[in-house]
Amino acid sequence: MTAAIVGRAPETGQGLAISIADGRIAAVEAADYHGPLYLSAGLVDLQVNGYATHDLNDGTVTPERVLALTEMLLALGTTTFLPTLVTASEANITAGLMAIREARARYPLVARAVPFVHVEGPFISVHDGPRGAHPAAHVRDADIAEYERWQAASGGLVGLLTLSPHSDAAIALVRHAAGQGVHVAIGHTDASPEQIHAAAAAGATLSTHLGNGISALLPRHPNVIWAQLADDRLTATLIGDSHHLPADTLKVMLRAKGLDKALLVSDVVSPGGLKPGIYHQTIGGRVELQANGRLGPPGTPYLAGAALPLGDCVARTVTMTGLSLAQVLGLATRHSGRFAGGRGLLEIGAAADLIQFEWAPDAERLTIAATYLGGERVWAR
């Protein structure tokens, strides 16, 4: 058994000590600790497109790039993440999957942090608005045969699939993938409420970045937001970066779904973490990164992915919603971890993937002090 890792419990602020044995949590006990560090399960992010120039979607991803991205995310407190491949040609999606597969085989750190891959598209709405920044040229009809070719090339690495259930073919793919144990999410959609409920009945369990990737103008009712909020079979993933959802909207969505049916994602893309300026990225082309973390085409009200990591989203969501730090951490650890193989738990027998961090009310980020995977410290400030 290792020496205890100590910090403050986010729920109470009291001292907490975690003892580790064989990479798992052996004991969770009160401790005489009065320092500034909080102690939590590591963050679990279901939607990462890239960070700090490390792009997963430019068609040239390598195992080395996946490793570099993993190391950066560990320094930001994310101990589990799903590399996210977006709408592209089948060749590019397959190449990305194979690069991630090779990274997991070659680097134990990647194998530990990446349980599987999220493919977002290409089976989404082709219309402006719900399509978001995904390239229209590569949007296509849902195709079980193509999905199976992805799985064959990657060794079954696709574990989360986002699609729009606006057709019978899409509903059939939901049923097929869910039947294999793959998580299926509804996103980038202009499907009818009836189609959304049919997708949930077929096995869809998530709504990808609910409130984003939809038309700018919607009927008051019914519409795609109401239908997904109302369907208790769907857990909402939400981007809490203060740009994708206004505070009032985020609060109402969390109240409607309930905290047990919601989680946070970053949706971070390759310019994230860089200095403010103009960049070119695969998702959205020419974009402007502002000092406040907003990312979108210059001079427009539109967004093109996100630029803030999940720890920043946690801190900003506390401020926007008035929820406690412990409640919001749950949205980014155990709730998201349910869709990543049971990660993000702080209990006896769980994997000892932990973070120590500093935080103060109204802070815009969690300041990570140390990150542990399986009880081994893999990053320290």
# chains A, B, ... in the order shown; residues from 1 in each chain; ligands from 1
$ select_by_dssp --residues "range 61-285 of chain A" --states "strand (DSSP E)" --output "PyMOL selection string"
chain A and resi 78-86+117-120+158-163+183-186+206-207+235-239+262-265+277-281+285
$ residues_around --residues "Leu264 in chain A" --least-positions-apart "4" --cutoff "6 Å" --atoms "only C-alpha atoms" --output "PyMOL selection string"
chain A and resi 237-239+331-332
$ residues_around --residues "Thr249 in chain A" --least-positions-apart "2" --cutoff "12 Å" --atoms "only C-alpha atoms" --output "count of residues only"
22
$ atom_distance --atom1 "CA of Ala99 in chain A" --atom2 "CA of Leu295 in chain A"
26.9 Å
$ atom_distance --atom1 "CA of Thr87 in chain A" --atom2 "CA of Ala133 in chain A"
9.5 Å
$ select_by_dssp --residues "range 138-235 of chain A" --states "helix (DSSP H, G or I)" --output "PyMOL selection string"
chain A and resi 138+144-154+168-179+193-202+224-230
$ closest_residue --among "A:Val314, A:Val224, A:Leu323, A:Ile278" --to "Thr367 in chain A" --atoms "only C-alpha atoms"
A:Val314
$ closest_residue --among "A:Ala185, A:Leu303, A:Ala350, A:Ala9" --to "Gly337 in chain A" --atoms "only C-alpha atoms"
A:Ala350
$ residues_around --residues "Ala88 in chain A" --least-positions-apart "2" --cutoff "12 Å" --atoms "only C-alpha atoms" --output "ChimeraX atom specification"
/A:56-59,84-86,90-96,119-124,133-140,282-283
$ residues_around --residues "range 19-23 of chain A" --least-positions-apart "5" --cutoff "12 Å" --atoms "only C-alpha atoms" --output "PyMOL selection string"
chain A and resi 1-6+28-31+112+346-354+372-377
$ residues_around --residues "Val265 in chain A" --least-positions-apart "4" --cutoff "12 Å" --atoms "only C-alpha atoms" --output "ChimeraX atom specification"
/A:43-49,78,80-82,84,207-210,236-241,244,305-314,317,328-329,331-333,335-337,339
$ write_last_selection --atoms "C-alpha atoms" --output "CSV table (one decimal), in the first residue's frame"
chain,number,residue,atom,x,y,z
A,43,LEU,CA,-11.7,14.6,-14.7
A,44,VAL,CA,-13.3,12.5,-17.5
A,45,ASP,CA,-13.9,14.3,-20.8
A,46,LEU,CA,-16.0,12.6,-23.4
A,47,GLN,CA,-15.2,15.1,-26.2
A,48,VAL,CA,-11.7,16.2,-27.0
A,49,ASN,CA,-10.8,17.2,-30.6
A,78,THR,CA,-8.1,15.2,-17.2
A,80,THR,CA,-9.6,10.0,-18.9
A,81,PHE,CA,-10.7,11.3,-22.3
A,82,LEU,CA,-12.3,10.3,-25.5
A,84,THR,CA,-13.1,12.8,-30.9
A,207,SER,CA,-27.4,14.2,-26.1
A,208,THR,CA,-24.1,15.7,-27.5
A,209,HIS,CA,-23.5,19.3,-26.3
A,210,LEU,CA,-27.2,19.9,-25.9
A,236,ALA,CA,-27.3,15.7,-21.6
A,237,THR,CA,-23.7,16.6,-22.2
A,238,LEU,CA,-23.1,20.3,-21.7
A,239,ILE,CA,-20.3,22.7,-22.5
A,240,GLY,CA,-19.9,24.9,-19.4
A,241,ASP,CA,-17.3,27.3,-20.8
A,244,HIS,CA,-21.7,27.8,-25.6
A,305,GLY,CA,-15.5,24.3,-31.0
A,306,ALA,CA,-14.3,25.3,-27.6
A,307,ALA,CA,-10.9,26.5,-26.3
A,308,LEU,CA,-11.1,25.8,-22.6
A,309,PRO,CA,-10.2,22.5,-21.0
A,310,LEU,CA,-12.6,20.6,-18.7
A,311,GLY,CA,-11.1,22.0,-15.5
A,312,ASP,CA,-11.9,25.5,-16.6
A,313,CYS,CA,-15.5,24.4,-17.5
A,314,VAL,CA,-15.9,23.0,-14.0
A,317,THR,CA,-20.0,26.2,-14.2
A,328,VAL,CA,-20.1,20.3,-10.5
A,329,LEU,CA,-17.1,18.0,-10.0
A,331,LEU,CA,-20.7,16.3,-13.6
A,332,ALA,CA,-17.1,16.0,-14.8
A,333,THR,CA,-16.0,12.8,-13.0
A,335,HIS,CA,-21.3,11.2,-14.2
A,336,SER,CA,-19.2,11.3,-17.4
A,337,GLY,CA,-17.2,8.3,-16.1
A,339,PHE,CA,-19.9,6.5,-20.2
$ atom_distance --atom1 "CA of Val182 in chain A" --atom2 "CA of Val110 in chain A"
20.3 Å
$ residues_around --residues "range 103-106 of chain A" --least-positions-apart "5" --cutoff "10 Å" --atoms "only C-alpha atoms" --output "list in words"
Thr62, Pro63, Glu64, Arg65, Val66, Leu67, Leu97, Met98, Ala111, Arg112, Ala113, Val114, Pro115 and Phe116 of chain A
$ closest_residue --among "A:Gln195, A:Ser215, A:Gln356, A:Gln228" --to "Pro130 in chain A" --atoms "only C-alpha atoms"
A:Ser215
